[in-house]
Structures are given as C-alpha cells and as structure tokens.
Amino acid sequence: MAWWLAVVINLTVLGAGLWAACAVGSGPGVHLAGNDAGARAMVLAGEAMLLPVVTLIMLLVTRRRFDQIAGRRAIRKLTATVATALGVTCGAFLLVGYLLRDHFSPRPQFGALAQDLPARFLAGRPSGNRFLPADLTGRLLYIWVFLLFWIVVLAALTAFFRHTHICCDADAADRARAILTRGGSTLSYMSTWPGNQYWLSPDGRAAIAYRAIAGVAVTVGGPYGDPAALEPAITGFARFCEHRSLQPCLYSVTGQARAVTQRLGWKSVQIAEDTLLPLASLHFTGKKWQDVRTALNKAAKEGITAQWWNYPQAPPELTGQIRQISQKWMADKGLPEMGFTLGGLDELNDPDIRCLIAVGADRKVHGITSWMPVYASGRPVGWTLDLMRRNTEPGTFRGVMEFLIATAALTFQQEGARFVSLSGAPLARLDRGEQPGALQRLLDMIATTMEPVYGFQSLLAFKAKFQPVYQPLYLTYPDPAALGSIATAIGRAYLPHLTPRQALRLLTKLRRPHPNHDPGQQRQRRSTRRAKTQWSPAT
C-alpha cells in the first residue's frame, strides 16, 4: 500500500505540473521575445516535474522489493477507521455547519456547504469565495475538523504499516518440514504448528520458523536442518530481517546457537531450562526414583493402563473425555491457554504426534501426555513432552503424570531412542552460582510474580523427579534498545487473544500472595537443587 500511495501522489504532482505548464504555455505572454515571465514559469514547472518523474521510475524499477503486505484484519481495521473518520468529518461540516451558518460570512446554505466540502479536504480556498469563517467557531469547523481527519488517517496508516505480513510461497511449510527431518533441537517440531512463517536458506540446508509481531521476528527455537549450517543460517536470517526492517530475536535456543550470536556481538539472557532424560542407562532403581516406582506400582494395582494413540484415530470415548478434562483445566484457571511453544489439543491433530493416555478398567481417562519427535539424519532419535493434562475429579489417580512419563521413557528406550526431553520450563532456571545481570534479575522477578498463575518453578521442581540433565535455553538479540518491542512480541505470541477482562483477572491473580509463598522455603528448595547438580550428569 505504501508503494501505491507513493505512485498516486507522484502521479498527482506530475499531473498538476503538466497542467500548470500547459496553462502557462497557452498564455499570451509566452510568445513575447526574450524574457517572458511565462517562459521562466514553464522552466520552473519542468524542474518541479523532474522529481516525481525520477521517483516514479525508481518505484517501478524496485517494485518487487515491496513484498510486505498486511493481514485481512489490519485491512478491515484501516478501512473502518478511515470510513468512520470520513463520515464523521462530512457530517460535522454539513450538519453542524448548517446549524452554525451564522458564524460564516456570507451566511451559507446547505448546497454551498456541500459544494465547498471537497475543497476543505484539500485545504484549498473555496472557488468564488462563497463564504469564509467569521469567528473562532467558524474557523474550528472550517479548518480544524479536516485537520483532525488527516491526523486520524495518518495515525491509522502508521498502525497499518506496523502490522505487516511477509509474503512467502505456499510450499514453504512443506519444504521446511522436509528440512526438519535432517536435524534440530528438542523444540524444532513446534515449527510445524500453525501461525508460523519460514525462512529457508538459499542452499536448502537449514530453516528457521518465526512469527513477525510488532516489528520483531521471534523464532520458534533455533535453526534446524543440517547441523553444519547453523552459523550461516543465523547470519542469513539476520540479513533477511534487516532487509525487511524486522528485529531478529532467537527465542529458546541452545548454548550452541548462543555461542554463534555472541560472536556476532548479540546479547543473550536465559529464559528457560530444558530437561533431558538420557535413555541409554535408564533404570528406575534407587531411592531417587522412589516416587516414579510408586506411581508405576500403584497404576498396576488399580488396573490403570497406558495406551498409545494418534489423537485423530483415538476412540471417541477417549477423545471426548480428554476435551472435557482440557476445558475444565482452562475453566479453573479462568485464563486463556498459552500458545506459541506450548501446545494444546489443536496441535494433537498430527499423525507424527504420539499420545500416551492413562485409562482405567472402567475406560475412564486419568491423564494424557503428547510427544513430539526430534529428528536426526531422517529418523526420530528423541522425543519431547508437550501436552500434559490430568483429570482432577475425585477418585482419579494422583500419580498419573509420573506413571505416563516413566512408561513413555521405557517405551522409547525399547525403540532405540537416545533421549527424552521433558521440554523447557519457561522463566525457570537452576542456580548455577553465576552472578545474574540486571535483565536476568528482572526475569527472575517476573517469574516469581507469575508463579501463582502458571507455576513455572513448580513445573521445574516436578521434572526434577526424573533426574534430568539440565540444559539452559536462551533469548538472543542484537539490539538491547529493542527489548521493549521484543517483550511485547513474545507476550502477544503466547497470549494472542487475551481480552481486557482476562488481563484484569490475570493482574488480580498476580497480586494475590501465593499460598505456598515462603522465602525461607524457596531458599531451601534452591539449596536442594544446587545439591542435586553436584551429582547429576549435567555437572
């Protein structure tokens, strides 16, 4: 739209210049010898036309570089805003102007107001001096109403140009999914979810999934594909974002990708803790696995079995219960379900996603987990936990999550997988004894504030039962001045449909003290985690 506006404006200026040149050229003074003011005016008109001609040529030559468009929602919003402003402006000038016609000289009739209306939008003087404002009230209606109209139009255009959508070919998602099978991180499969856009390297060795929000390109994990193409992919994606005036932001990337960005001069901060469970030597023996063994034994005594299904092919009696469990879970929170890197039921409609469902002897669903593949060299070598839902009705199996995760790990071990990822715990991290920076301390404070609602630290504490290897995940960015826009983009990615009522409810919950909030207990838990890292494989 910016290209079309520029073309129309320059054509208008060029047309006005041609009209002026023709008008001057047809005047009698042009034929006078030697000097005429008309001849000089024609020269000036020709010089004035030079700029729009050059601009139009450049616009036509570079047409293909204007490849950004807006979504339908932004187009509808712009159209509605401009149409409303136009209607209000015309109505105010015609109706209010007729009621206040005594404030103009001479006193205009309705027809005169209607004839003068187009000239008011162009801020030109009325032809024939039909009427002029006689006092301050007349001037406000005669000038400032139309000035406010153009201010609203410019503000609407500014907002419209900020909500852009990068054009991409229809086959980009299919090609990116083919690249995914060559290799990636534990979060790379999330790149296949709806709502993502794709950058593909020119040689087809790597791809990056991202979302363009508020002028920021927030990636879904790091680059995936050929492991040797990691560094070229990051530098290529940065150039891609620079060309389209997007701020690159690599979200939830591993330390390897962070090292590449550090060489480029980017900044980074830890935003999550991934939890990996190696399967080669997995045995649920010893005191540290007591909770897991208890869950497995209790499930066997109560006749609860773990059943593998692809969600689209699961029996309706099971999927119906799962939907009810998920709806009740969201209703209890009273808040929208987070998205982006946190999957829901919609993401289960994928034949490559495996669901493990805990079913009782009476066909009652006690819980469900979903698992995403992690590829290397064309085959799954690991699996990442995504969805976790537990039935909270009285009489249900309380250790169902431990039972499902342990059963899944044993199944994947038998199939020859290398590891299981219990996925990242957002805004949670281990205390590794490092001195945190100002931004890291701010994120820790935000995590503490949001703990009563989303329980990030509680989630990390739960995953500690499985003695995982901890792997930090980072947010990397080139420009610290863009942190405000990055925070806005990430927030809108996770909660794109947050309503004002839900936002108020969220703030209300955040202000309530957490029932288990005890600084002394928190320090003790941190000390326990530090002790665990002394013997864990992560060390």
# chains A, B, ... in the order shown; residues from 1 in each chain; ligands from 1
>>> select_by_dssp(residues="segment 271-489 of chain A", states="alpha helix (DSSP H)", output="ChimeraX atom specification")
/A:290-301,316-333,400-414,438-454,456-463,483-489
>>> residues_around(residues="Phe462 of chain A", least_positions_apart="5", cutoff="10 Å", atoms="only C-alpha atoms", output="ChimeraX atom specification")
/A:401-402,456-457
>>> closest_atom_pairs(of="segment 228-302 of chain A", to="segment 415-430 of chain A", cutoff="8 Å", atoms="only C-alpha atoms", output="JSON lines")
{"residue": "A:Gln270", "atom": "CA", "partner": "A:Arg429", "partner_atom": "CA", "distance": 7.8}
{"residue": "A:Ile271", "atom": "CA", "partner": "A:Leu427", "partner_atom": "CA", "distance": 5.1}
{"residue": "A:Ala272", "atom": "CA", "partner": "A:Pro426", "partner_atom": "CA", "distance": 4.4}
{"residue": "A:Glu273", "atom": "CA", "partner": "A:Gly424", "partner_atom": "CA", "distance": 5.1}
{"residue": "A:Asp274", "atom": "CA", "partner": "A:Gly424", "partner_atom": "CA", "distance": 3.9}
{"residue": "A:Thr275", "atom": "CA", "partner": "A:Leu422", "partner_atom": "CA", "distance": 5.4}
{"residue": "A:Leu276", "atom": "CA", "partner": "A:Ser421", "partner_atom": "CA", "distance": 4.4}
{"residue": "A:Leu277", "atom": "CA", "partner": "A:Val420", "partner_atom": "CA", "distance": 5.0}
{"residue": "A:Pro278", "atom": "CA", "partner": "A:Phe419", "partner_atom": "CA", "distance": 4.4}
{"residue": "A:Leu279", "atom": "CA", "partner": "A:Phe419", "partner_atom": "CA", "distance": 5.1}
{"residue": "A:Ala280", "atom": "CA", "partner": "A:Arg418", "partner_atom": "CA", "distance": 6.4}
>>> residues_around(residues="Phe93 of chain A", least_positions_apart="5", cutoff="9 Å", atoms="only C-alpha atoms", output="PyMOL selection string")
chain A and resi 88+98+113-114+117+141-142+145-146
>>> residues_around(residues="segment 181-186 of chain A", least_positions_apart="2", cutoff="7 Å", atoms="only C-alpha atoms", output="count of residues only")
15
>>> residues_around(residues="Pro248 of chain A", least_positions_apart="5", cutoff="12 Å", atoms="only C-alpha atoms", output="NGL selection string")
:A and (199 or 208-220 or 222 or 234-243 or 261 or 266-267 or 475-480 or 482-483 or 485-486 or 489)
